[in-house]
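Student: Below you'll find run27.pdb; it's PDB, C-alpha atoms and all ligand atoms.
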```
ATOM      1  CA  MET A1005     102.632 110.541  93.231  1.00  0.00           C
ATOM      2  CA  LEU A1006     100.047 112.851  94.754  1.00  0.00           C
ATOM      3  CA  VAL A1007     101.055 116.366  95.817  1.00  0.00           C
ATOM      4  CA  VAL A1008      98.570 118.276  97.982  1.00  0.00           C
ATOM      5  CA  GLU A1009      99.775 121.840  98.337  1.00  0.00           C
ATOM      6  CA  ASP A1010      97.813 125.084  98.221  1.00  0.00           C
ATOM      7  CA  GLU A1011     100.740 127.361  97.406  1.00  0.00           C
ATOM      8  CA  ALA A1012     100.948 127.324  93.627  1.00  0.00           C
ATOM      9  CA  ALA A1013     104.657 128.145  93.440  1.00  0.00           C
ATOM     10  CA  ILE A1014     105.596 125.284  95.761  1.00  0.00           C
ATOM     11  CA  ALA A1015     103.198 122.881  94.040  1.00  0.00           C
ATOM     12  CA  ASP A1016     104.719 123.709  90.659  1.00  0.00           C
ATOM     13  CA  LEU A1017     108.253 123.205  91.953  1.00  0.00           C
ATOM     14  CA  LEU A1018     107.358 119.872  93.511  1.00  0.00           C
ATOM     15  CA  ARG A1019     105.635 118.742  90.343  1.00  0.00           C
ATOM     16  CA  MET A1020     108.649 119.708  88.252  1.00  0.00           C
ATOM     17  CA  TYR A1021     111.243 118.060  90.462  1.00  0.00           C
ATOM     18  CA  LEU A1022     109.274 114.874  91.033  1.00  0.00           C
ATOM     19  CA  ALA A1023     108.444 114.617  87.330  1.00  0.00           C
ATOM     20  CA  ARG A1024     112.139 115.016  86.547  1.00  0.00           C
ATOM     21  CA  GLU A1025     112.736 111.963  88.761  1.00  0.00           C
ATOM     22  CA  GLY A1026     110.307 110.034  86.619  1.00  0.00           C
ATOM     23  CA  TYR A1027     107.246 110.149  88.867  1.00  0.00           C
ATOM     24  CA  GLY A1028     103.807 110.809  87.443  1.00  0.00           C
ATOM     25  CA  VAL A1029     102.512 113.692  89.540  1.00  0.00           C
ATOM     26  CA  HIS A1030      98.948 114.734  90.311  1.00  0.00           C
ATOM     27  CA  VAL A1031      98.459 117.997  92.207  1.00  0.00           C
ATOM     28  CA  GLU A1032      95.523 118.951  94.419  1.00  0.00           C
ATOM     29  CA  ARG A1033      95.192 122.344  96.050  1.00  0.00           C
ATOM     30  CA  ASP A1034      93.039 121.639  99.086  1.00  0.00           C
ATOM     31  CA  GLY A1035      92.531 118.905 101.657  1.00  0.00           C
ATOM     32  CA  ARG A1036      89.171 117.680 100.464  1.00  0.00           C
ATOM     33  CA  GLY A1037      90.405 117.331  96.876  1.00  0.00           C
ATOM     34  CA  GLY A1038      93.552 115.668  98.171  1.00  0.00           C
ATOM     35  CA  LEU A1039      91.584 113.069 100.102  1.00  0.00           C
ATOM     36  CA  ALA A1040      89.357 112.329  97.111  1.00  0.00           C
ATOM     37  CA  ALA A1041      92.381 112.012  94.814  1.00  0.00           C
ATOM     38  CA  ALA A1042      94.165 109.732  97.279  1.00  0.00           C
ATOM     39  CA  ARG A1043      91.125 107.467  97.390  1.00  0.00           C
ATOM     40  CA  SER A1044      90.508 107.380  93.653  1.00  0.00           C
ATOM     41  CA  LEU A1045      94.052 107.484  92.224  1.00  0.00           C
ATOM     42  CA  LYS A1046      95.745 105.255  94.822  1.00  0.00           C
ATOM     43  CA  PRO A1047      99.102 107.057  94.576  1.00  0.00           C
ATOM     44  CA  VAL A1048     102.338 105.303  95.569  1.00  0.00           C
ATOM     45  CA  ALA A1049     103.035 108.154  97.984  1.00  0.00           C
ATOM     46  CA  ILE A1050     101.621 111.523  99.002  1.00  0.00           C
ATOM     47  CA  VAL A1051     103.466 114.775  99.600  1.00  0.00           C
ATOM     48  CA  LEU A1052     100.978 116.418 101.914  1.00  0.00           C
ATOM     49  CA  ASP A1053     101.011 120.012 103.098  1.00  0.00           C
ATOM     50  CA  VAL A1054      99.663 120.377 106.640  1.00  0.00           C
ATOM     51  CA  GLY A1055      98.158 123.852 106.329  1.00  0.00           C
ATOM     52  CA  LEU A1056      95.521 123.384 103.645  1.00  0.00           C
ATOM     53  CA  PRO A1057      92.149 124.951 102.889  1.00  0.00           C
ATOM     54  CA  GLU A1058      89.011 122.818 103.311  1.00  0.00           C
ATOM     55  CA  MET A1059      90.721 120.117 105.349  1.00  0.00           C
ATOM     56  CA  ASP A1060      93.966 120.043 107.282  1.00  0.00           C
ATOM     57  CA  GLY A1061      96.670 117.705 105.963  1.00  0.00           C
ATOM     58  CA  THR A1062      96.726 115.750 109.220  1.00  0.00           C
ATOM     59  CA  GLU A1063      92.971 115.174 108.913  1.00  0.00           C
ATOM     60  CA  VAL A1064      93.440 113.919 105.341  1.00  0.00           C
ATOM     61  CA  CYS A1065      95.982 111.411 106.624  1.00  0.00           C
ATOM     62  CA  ARG A1066      93.809 110.425 109.573  1.00  0.00           C
ATOM     63  CA  ARG A1067      90.906 109.638 107.258  1.00  0.00           C
ATOM     64  CA  LEU A1068      93.100 107.577 104.936  1.00  0.00           C
ATOM     65  CA  ARG A1069      94.401 105.567 107.880  1.00  0.00           C
ATOM     66  CA  ALA A1070      90.807 105.105 109.061  1.00  0.00           C
ATOM     67  CA  ASP A1071      90.158 103.563 105.616  1.00  0.00           C
ATOM     68  CA  ASP A1072      93.095 101.264 106.373  1.00  0.00           C
ATOM     69  CA  ASP A1073      95.051 102.999 103.615  1.00  0.00           C
ATOM     70  CA  TRP A1074      98.731 102.999 104.606  1.00  0.00           C
ATOM     71  CA  VAL A1075     100.078 104.902 101.618  1.00  0.00           C
ATOM     72  CA  PRO A1076     103.366 106.549 102.608  1.00  0.00           C
ATOM     73  CA  VAL A1077     102.915 110.218 103.462  1.00  0.00           C
ATOM     74  CA  LEU A1078     105.569 112.917 103.513  1.00  0.00           C
ATOM     75  CA  PHE A1079     104.172 115.889 105.424  1.00  0.00           C
ATOM     76  CA  CYS A1080     105.265 119.425 104.648  1.00  0.00           C
ATOM     77  CA  THR A1081     105.058 121.654 107.685  1.00  0.00           C
ATOM     78  CA  ALA A1082     105.663 125.375 107.964  1.00  0.00           C
ATOM     79  CA  ARG A1083     105.318 125.967 111.678  1.00  0.00           C
ATOM     80  CA  ASP A1084     106.129 124.343 114.993  1.00  0.00           C
ATOM     81  CA  ASP A1085     102.469 123.844 115.853  1.00  0.00           C
ATOM     82  CA  GLU A1086     102.050 121.936 112.587  1.00  0.00           C
ATOM     83  CA  ILE A1087     104.982 119.697 113.454  1.00  0.00           C
ATOM     84  CA  ASP A1088     103.317 118.998 116.801  1.00  0.00           C
ATOM     85  CA  ARG A1089     100.131 117.997 115.019  1.00  0.00           C
ATOM     86  CA  VAL A1090     102.031 115.644 112.687  1.00  0.00           C
ATOM     87  CA  LEU A1091     103.890 114.047 115.573  1.00  0.00           C
ATOM     88  CA  GLY A1092     100.580 113.725 117.397  1.00  0.00           C
ATOM     89  CA  LEU A1093      99.404 111.373 114.673  1.00  0.00           C
ATOM     90  CA  GLU A1094     101.914 108.775 115.853  1.00  0.00           C
ATOM     91  CA  LEU A1095     101.289 106.038 113.305  1.00  0.00           C
ATOM     92  CA  GLY A1096     100.026 108.455 110.701  1.00  0.00           C
ATOM     93  CA  ALA A1097     103.235 110.132 109.699  1.00  0.00           C
ATOM     94  CA  ASP A1098     105.905 108.325 107.749  1.00  0.00           C
ATOM     95  CA  ASP A1099     108.004 111.408 107.636  1.00  0.00           C
ATOM     96  CA  TYR A1100     107.842 115.150 107.588  1.00  0.00           C
ATOM     97  CA  ILE A1101     109.858 117.971 106.156  1.00  0.00           C
ATOM     98  CA  THR A1102     109.842 121.577 107.285  1.00  0.00           C
ATOM     99  CA  LYS A1103     109.437 124.575 105.040  1.00  0.00           C
ATOM    100  CA  PRO A1104     111.332 126.201 103.514  1.00  0.00           C
ATOM    101  CA  PHE A1105     112.795 123.113 101.856  1.00  0.00           C
ATOM    102  CA  SER A1106     114.719 122.643  98.664  1.00  0.00           C
ATOM    103  CA  PRO A1107     112.987 120.514  96.040  1.00  0.00           C
ATOM    104  CA  ARG A1108     116.090 118.343  96.016  1.00  0.00           C
ATOM    105  CA  GLU A1109     115.531 117.656  99.707  1.00  0.00           C
ATOM    106  CA  VAL A1110     111.907 116.698  99.053  1.00  0.00           C
ATOM    107  CA  VAL A1111     112.925 114.313  96.285  1.00  0.00           C
ATOM    108  CA  ALA A1112     115.461 112.646  98.595  1.00  0.00           C
ATOM    109  CA  ARG A1113     112.858 112.305 101.355  1.00  0.00           C
ATOM    110  CA  VAL A1114     110.238 110.956  98.967  1.00  0.00           C
ATOM    111  CA  LYS A1115     112.688 108.274  97.910  1.00  0.00           C
ATOM    112  CA  THR A1116     113.324 107.380 101.552  1.00  0.00           C
ATOM    113  CA  VAL A1117     109.608 107.122 102.212  1.00  0.00           C
ATOM    114  CA  LEU A1118     109.115 104.994  99.097  1.00  0.00           C
ATOM    115  CA  ARG A1119     111.820 102.571 100.155  1.00  0.00           C
ATOM    116  CA  ARG A1120     109.571 101.698 103.050  1.00  0.00           C
ATOM    117  CA  VAL A1121     106.648 100.885 100.792  1.00  0.00           C
ATOM    118  CA  ASP A1122     105.367  97.349 100.847  1.00  0.00           C
ATOM    119  CA  GLY A1123     106.294  95.087  98.041  1.00  0.00           C
ATOM    120  CA  PRO A1124     103.293  93.382  96.496  1.00  0.00           C
ATOM    121  CA  PRO A1125     102.059  90.550  98.745  1.00  0.00           C
ATOM    122  CA  THR A1126     102.328  88.052  95.905  1.00  0.00           C
ATOM    123  CA  ALA A1127     105.906  88.940  94.966  1.00  0.00           C
ATOM    124  CA  SER A1128     108.043  85.846  94.733  1.00  0.00           C
ATOM    125  CA  ALA A1129     111.424  87.294  95.674  1.00  0.00           C
ATOM    126  CA  PRO A1130     112.609  86.194  99.118  1.00  0.00           C
ATOM    127  CA  LEU A1131     112.547  88.784 101.872  1.00  0.00           C
ATOM    128  CA  VAL A1132     115.938  89.176 103.476  1.00  0.00           C
ATOM    129  CA  ILE A1133     116.965  91.113 106.554  1.00  0.00           C
ATOM    130  CA  GLY A1134     120.412  90.335 107.901  1.00  0.00           C
ATOM    131  CA  GLY A1135     120.782  86.565 108.070  1.00  0.00           C
ATOM    132  CA  VAL A1136     117.046  85.924 107.970  1.00  0.00           C
ATOM    133  CA  SER A1137     115.488  84.944 104.665  1.00  0.00           C
ATOM    134  CA  VAL A1138     111.778  84.373 104.084  1.00  0.00           C
ATOM    135  CA  ASP A1139     110.906  82.495 100.915  1.00  0.00           C
ATOM    136  CA  ARG A1140     107.327  83.314 100.006  1.00  0.00           C
ATOM    137  CA  VAL A1141     107.102  80.617  97.352  1.00  0.00           C
ATOM    138  CA  THR A1142     108.215  77.649  99.429  1.00  0.00           C
ATOM    139  CA  HIS A1143     107.168  79.163 102.793  1.00  0.00           C
ATOM    140  CA  ARG A1144     110.596  78.388 104.163  1.00  0.00           C
ATOM    141  CA  VAL A1145     112.499  80.532 106.594  1.00  0.00           C
ATOM    142  CA  THR A1146     116.241  80.285 107.010  1.00  0.00           C
ATOM    143  CA  VAL A1147     118.708  81.842 109.416  1.00  0.00           C
ATOM    144  CA  ASP A1148     122.195  81.929 107.910  1.00  0.00           C
ATOM    145  CA  SER A1149     120.978  79.331 105.392  1.00  0.00           C
ATOM    146  CA  VAL A1150     119.773  76.948 108.115  1.00  0.00           C
ATOM    147  CA  GLU A1151     116.065  76.198 107.909  1.00  0.00           C
ATOM    148  CA  VAL A1152     113.889  77.201 110.850  1.00  0.00           C
ATOM    149  CA  GLU A1153     110.437  75.678 111.393  1.00  0.00           C
ATOM    150  CA  LEU A1154     107.723  78.265 111.900  1.00  0.00           C
ATOM    151  CA  THR A1155     104.018  77.656 112.258  1.00  0.00           C
ATOM    152  CA  ALA A1156     101.790  79.129 109.551  1.00  0.00           C
ATOM    153  CA  THR A1157     100.826  82.055 111.779  1.00  0.00           C
ATOM    154  CA  GLU A1158     104.404  82.717 112.825  1.00  0.00           C
ATOM    155  CA  PHE A1159     105.394  82.691 109.157  1.00  0.00           C
ATOM    156  CA  ASP A1160     102.625  85.123 108.214  1.00  0.00           C
ATOM    157  CA  LEU A1161     103.555  87.443 111.058  1.00  0.00           C
ATOM    158  CA  LEU A1162     107.241  87.507 110.132  1.00  0.00           C
ATOM    159  CA  GLU A1163     106.439  87.875 106.434  1.00  0.00           C
ATOM    160  CA  ARG A1164     104.094  90.789 107.093  1.00  0.00           C
ATOM    161  CA  LEU A1165     106.685  92.657 109.131  1.00  0.00           C
ATOM    162  CA  MET A1166     109.553  91.955 106.728  1.00  0.00           C
ATOM    163  CA  ARG A1167     107.497  92.994 103.713  1.00  0.00           C
ATOM    164  CA  ALA A1168     107.599  96.573 104.986  1.00  0.00           C
ATOM    165  CA  PRO A1169     110.988  96.978 106.663  1.00  0.00           C
ATOM    166  CA  GLY A1170     111.029  99.829 109.132  1.00  0.00           C
ATOM    167  CA  ARG A1171     107.273 100.278 109.157  1.00  0.00           C
ATOM    168  CA  VAL A1172     105.843 100.140 112.644  1.00  0.00           C
ATOM    169  CA  PHE A1173     102.719  98.030 113.034  1.00  0.00           C
ATOM    170  CA  SER A1174     100.387  98.311 115.974  1.00  0.00           C
ATOM    171  CA  ARG A1175      99.206  95.060 117.533  1.00  0.00           C
ATOM    172  CA  GLU A1176      95.734  95.799 116.192  1.00  0.00           C
ATOM    173  CA  GLN A1177      97.066  96.149 112.643  1.00  0.00           C
ATOM    174  CA  LEU A1178      98.957  92.881 112.924  1.00  0.00           C
ATOM    175  CA  LEU A1179      95.878  91.163 114.301  1.00  0.00           C
ATOM    176  CA  SER A1180      93.732  92.318 111.411  1.00  0.00           C
ATOM    177  CA  GLU A1181      96.374  91.663 108.744  1.00  0.00           C
ATOM    178  CA  VAL A1182      97.770  88.355 109.976  1.00  0.00           C
ATOM    179  CA  TRP A1183      94.890  86.802 111.878  1.00  0.00           C
ATOM    180  CA  GLY A1184      92.140  88.395 109.807  1.00  0.00           C
ATOM    181  CA  TYR A1185      89.210  90.590 110.659  1.00  0.00           C
ATOM    182  CA  ALA A1186      87.303  87.718 112.231  1.00  0.00           C
ATOM    183  CA  ALA A1187      90.030  87.009 114.745  1.00  0.00           C
ATOM    184  CA  VAL A1188      88.642  86.394 118.185  1.00  0.00           C
ATOM    185  CA  VAL A1189      92.031  86.570 119.851  1.00  0.00           C
ATOM    186  CA  GLY A1190      93.329  89.596 121.727  1.00  0.00           C
ATOM    187  CA  THR A1191      96.409  91.705 121.116  1.00  0.00           C
ATOM    188  CA  ARG A1192      98.306  89.668 123.716  1.00  0.00           C
ATOM    189  CA  THR A1193      98.332  86.893 121.115  1.00  0.00           C
ATOM    190  CA  VAL A1194     100.520  89.082 118.920  1.00  0.00           C
ATOM    191  CA  ASP A1195     103.070  89.441 121.716  1.00  0.00           C
ATOM    192  CA  VAL A1196     103.085  85.688 122.290  1.00  0.00           C
ATOM    193  CA  HIS A1197     103.702  84.938 118.617  1.00  0.00           C
ATOM    194  CA  VAL A1198     106.382  87.594 118.322  1.00  0.00           C
ATOM    195  CA  ALA A1199     108.141  86.004 121.283  1.00  0.00           C
ATOM    196  CA  GLN A1200     107.919  82.583 119.615  1.00  0.00           C
ATOM    197  CA  VAL A1201     109.340  83.880 116.332  1.00  0.00           C
ATOM    198  CA  ARG A1202     112.147  85.628 118.177  1.00  0.00           C
ATOM    199  CA  ALA A1203     112.972  82.497 120.113  1.00  0.00           C
ATOM    200  CA  LYS A1204     113.189  80.504 116.883  1.00  0.00           C
ATOM    201  CA  LEU A1205     115.271  83.062 114.989  1.00  0.00           C
ATOM    202  CA  GLY A1206     117.561  83.803 117.914  1.00  0.00           C
ATOM    203  CA  ALA A1207     119.966  86.721 117.669  1.00  0.00           C
ATOM    204  CA  ALA A1208     119.215  87.128 113.949  1.00  0.00           C
ATOM    205  CA  SER A1209     115.600  88.128 114.636  1.00  0.00           C
ATOM    206  CA  PRO A1210     114.847  91.420 112.865  1.00  0.00           C
ATOM    207  CA  ILE A1211     111.752  92.126 114.976  1.00  0.00           C
ATOM    208  CA  ARG A1212     112.036  95.278 117.017  1.00  0.00           C
ATOM    209  CA  THR A1213     109.660  96.322 119.792  1.00  0.00           C
ATOM    210  CA  VAL A1214     108.556  99.928 119.446  1.00  0.00           C
ATOM    211  CA  ARG A1215     107.486 100.895 122.930  1.00  0.00           C
ATOM    212  CA  GLY A1216     103.935 102.064 123.240  1.00  0.00           C
ATOM    213  CA  VAL A1217     103.274 101.382 119.570  1.00  0.00           C
ATOM    214  CA  GLY A1218     103.982  97.867 118.369  1.00  0.00           C
ATOM    215  CA  TYR A1219     106.534  96.082 116.253  1.00  0.00           C
ATOM    216  CA  SER A1220     108.653  96.546 113.153  1.00  0.00           C
ATOM    217  CA  ALA A1221     111.228  94.509 111.280  1.00  0.00           C
ATOM    218  CA  GLU A1222     114.541  96.021 110.419  1.00  0.00           C
ATOM    219  CA  ALA A1223     118.215  95.297 110.202  1.00  0.00           C
ATOM    220  CA  ARG A1224     120.166  95.480 113.444  1.00  0.00           C
ATOM    221  CA  GLY A1225     121.533  98.944 113.979  1.00  0.00           C
ATOM    222  CA  ALA A1226     119.339 100.374 111.209  1.00  0.00           C
ATOM    223  CA  ALA A1227     117.491 102.656 113.574  1.00  0.00           C
ATOM    224  CA  PRO A1228     117.737 103.644 117.208  1.00  0.00           C
TER     225      PRO A1228
HETATM  226 CA    CA B   1      99.780 125.576 102.985  1.00  0.00          CA
END
```
Let me see the structure of the file written as structure tokens.

Tutor:
Amino acid sequence: MLVVEDEAAIADLLRMYLAREGYGVHVERDGRGGLAAARSLKPVAIVLDVGLPEMDGTEVCRRLRADDDWVPVLFCTARDDEIDRVLGLELGADDYITKPFSPREVVARVKTVLRRVDGPPTASAPLVIGGVSVDRVTHRVTVDSVEVELTATEFDLLERLMRAPGRVFSREQLLSEVWGYAAVVGTRTVDVHVAQVRAKLGAASPIRTVRGVGYSAEARGAAP
């Protein structure tokens, strides 16, 4: 776990509480150091202050996302204008928490953010959301135990979304992750394939359209 926080008292508290939860914690005190640590240490999640010397927390996150690094980030904001900046990132922010916060609150939020982390792509356990099960060993998809035939691309698309439940993917991200960097197709292709997967899965489909952003997979009723 990487904590980037310039206020020593808060950084110490975060380190103590997160360590008590069993996380290994590395602390950086400014944005530039935080970005370097994120790139070199590859933390499972980052608790990132917005108001930082050297480089703003939102800029740290923006640069990580530009690297295609989607490490979960929990932003700590002290002021309304900072919250606006975090919200302005759209895809950049997994979550934010406003100061003053209790360390217990931070720990709870970190756990929430971590639950959204991707499982390893090679993991063999089936992915299950509601009645839909994706078996990554046999490449079989079932709805309420009845097998559904998906094309290889449809399978990859569904698997990618279900591997990170609740995470919102832009069409561009899905194109690069499912079709590959050399894809010559446009983002409309993503919409077409999502529609095909939905048609095949019927009412059990976990794919949600996030207007103006893209798609996510989650259980029905899990989020507004
Ligand atoms: Ca600060």

Student: Kindly resolve the PyMOL selection byres (((chain A and resi 1198) around 10) and not hetatm) on the present coordinates and return the residues as a list in words.

Tutor: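 The output of the PyMOL selection byres (((chain A and resi 1198) around 10) and not hetatm) on this file is Glu1158, Leu1161, Leu1162, Arg1192, Thr1193, Val1194, Asp1195, Val1196, His1197, Ala1199, Gln1200, Val1201, Arg1202, Ala1203, Lys1204, Ser1209, Ile1211, Arg1212, Thr1213 and Tyr1219 of chain A.
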
Student: Can you work out which one of A:Ala1168, A:Leu1068, A:Val1054, A:Val1031 has the shortest atom-to-atom distance to ligand CA 1 (chain B), counting all atoms listed in the file?

Tutor: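 That would be A:Val1054, the residue with the smallest distance to ligand CA 1 (chain B).
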
Student: Select, from A:Gln1177, A:Thr1102, A:Ser1220, A:Thr1142, the residue with the minimum atom-to-atom distance to ligand CA 1 (chain B), counting all atoms listed in the file.

Tutor: A:Thr1102

Student: Produce a table with one row for each residue of chain A that has an atom at most 8 Å from any atom of ligand CA 1 (chain B), each row naming the nearest atom pair and its distance in Å at one decimal; use only C-alpha atoms and all ligand atoms; arrange rows by chain and rising residue number; format as a tab-separated table.

Tutor:
```
residue	atom	partner	partner_atom	distance
A:Glu1009	CA	B:CA1	CA	6.0
A:Asp1010	CA	B:CA1	CA	5.2
A:Glu1011	CA	B:CA1	CA	5.9
A:Asp1053	CA	B:CA1	CA	5.7
A:Val1054	CA	B:CA1	CA	6.4
A:Gly1055	CA	B:CA1	CA	4.1
A:Leu1056	CA	B:CA1	CA	4.8
A:Pro1057	CA	B:CA1	CA	7.7
A:Ala1082	CA	B:CA1	CA	7.7
```

Student: With the file shown as input, list the residues that the PyMOL selection byres (((chain A and resi 1116) around 12) and not hetatm) selects, as a count of residues only.

Tutor: 21

Student: Run through the PyMOL selection byres (((chain A and resi 1135) around 7) and not hetatm) on the given coordinates and return the selected residues as a ChimeraX atom specification.

Tutor: /A:1133-1134,1136-1137,1147-1148,1208

Student: Which one of A:Val1064, A:Ile1014, A:Val1214, A:Leu1045 sits closest to Ser1106 (chain A) if you count all atoms listed in the file?

Tutor: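 Of all the options, A:Ile1014 lies closest to Ser1106 (chain A).
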
Student: Go through A:Glu1222, A:Asp1085, A:Glu1058, A:Glu1176 one by one, measure the shortest atom-to-atom distance of each to Leu1131 (chain A) using all atoms listed in the file, and give the residue with the smallest value.

Tutor: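 Smallest separation from Leu1131 (chain A) among the options: A:Glu1222.
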
Student: I need the residue nearest Tyr1021 (chain A) from this list: A:Pro1107, A:Gly1038, A:Gly1216, A:Gly1206. Use all atoms listed in the file for the distance.

Tutor: A:Pro1107
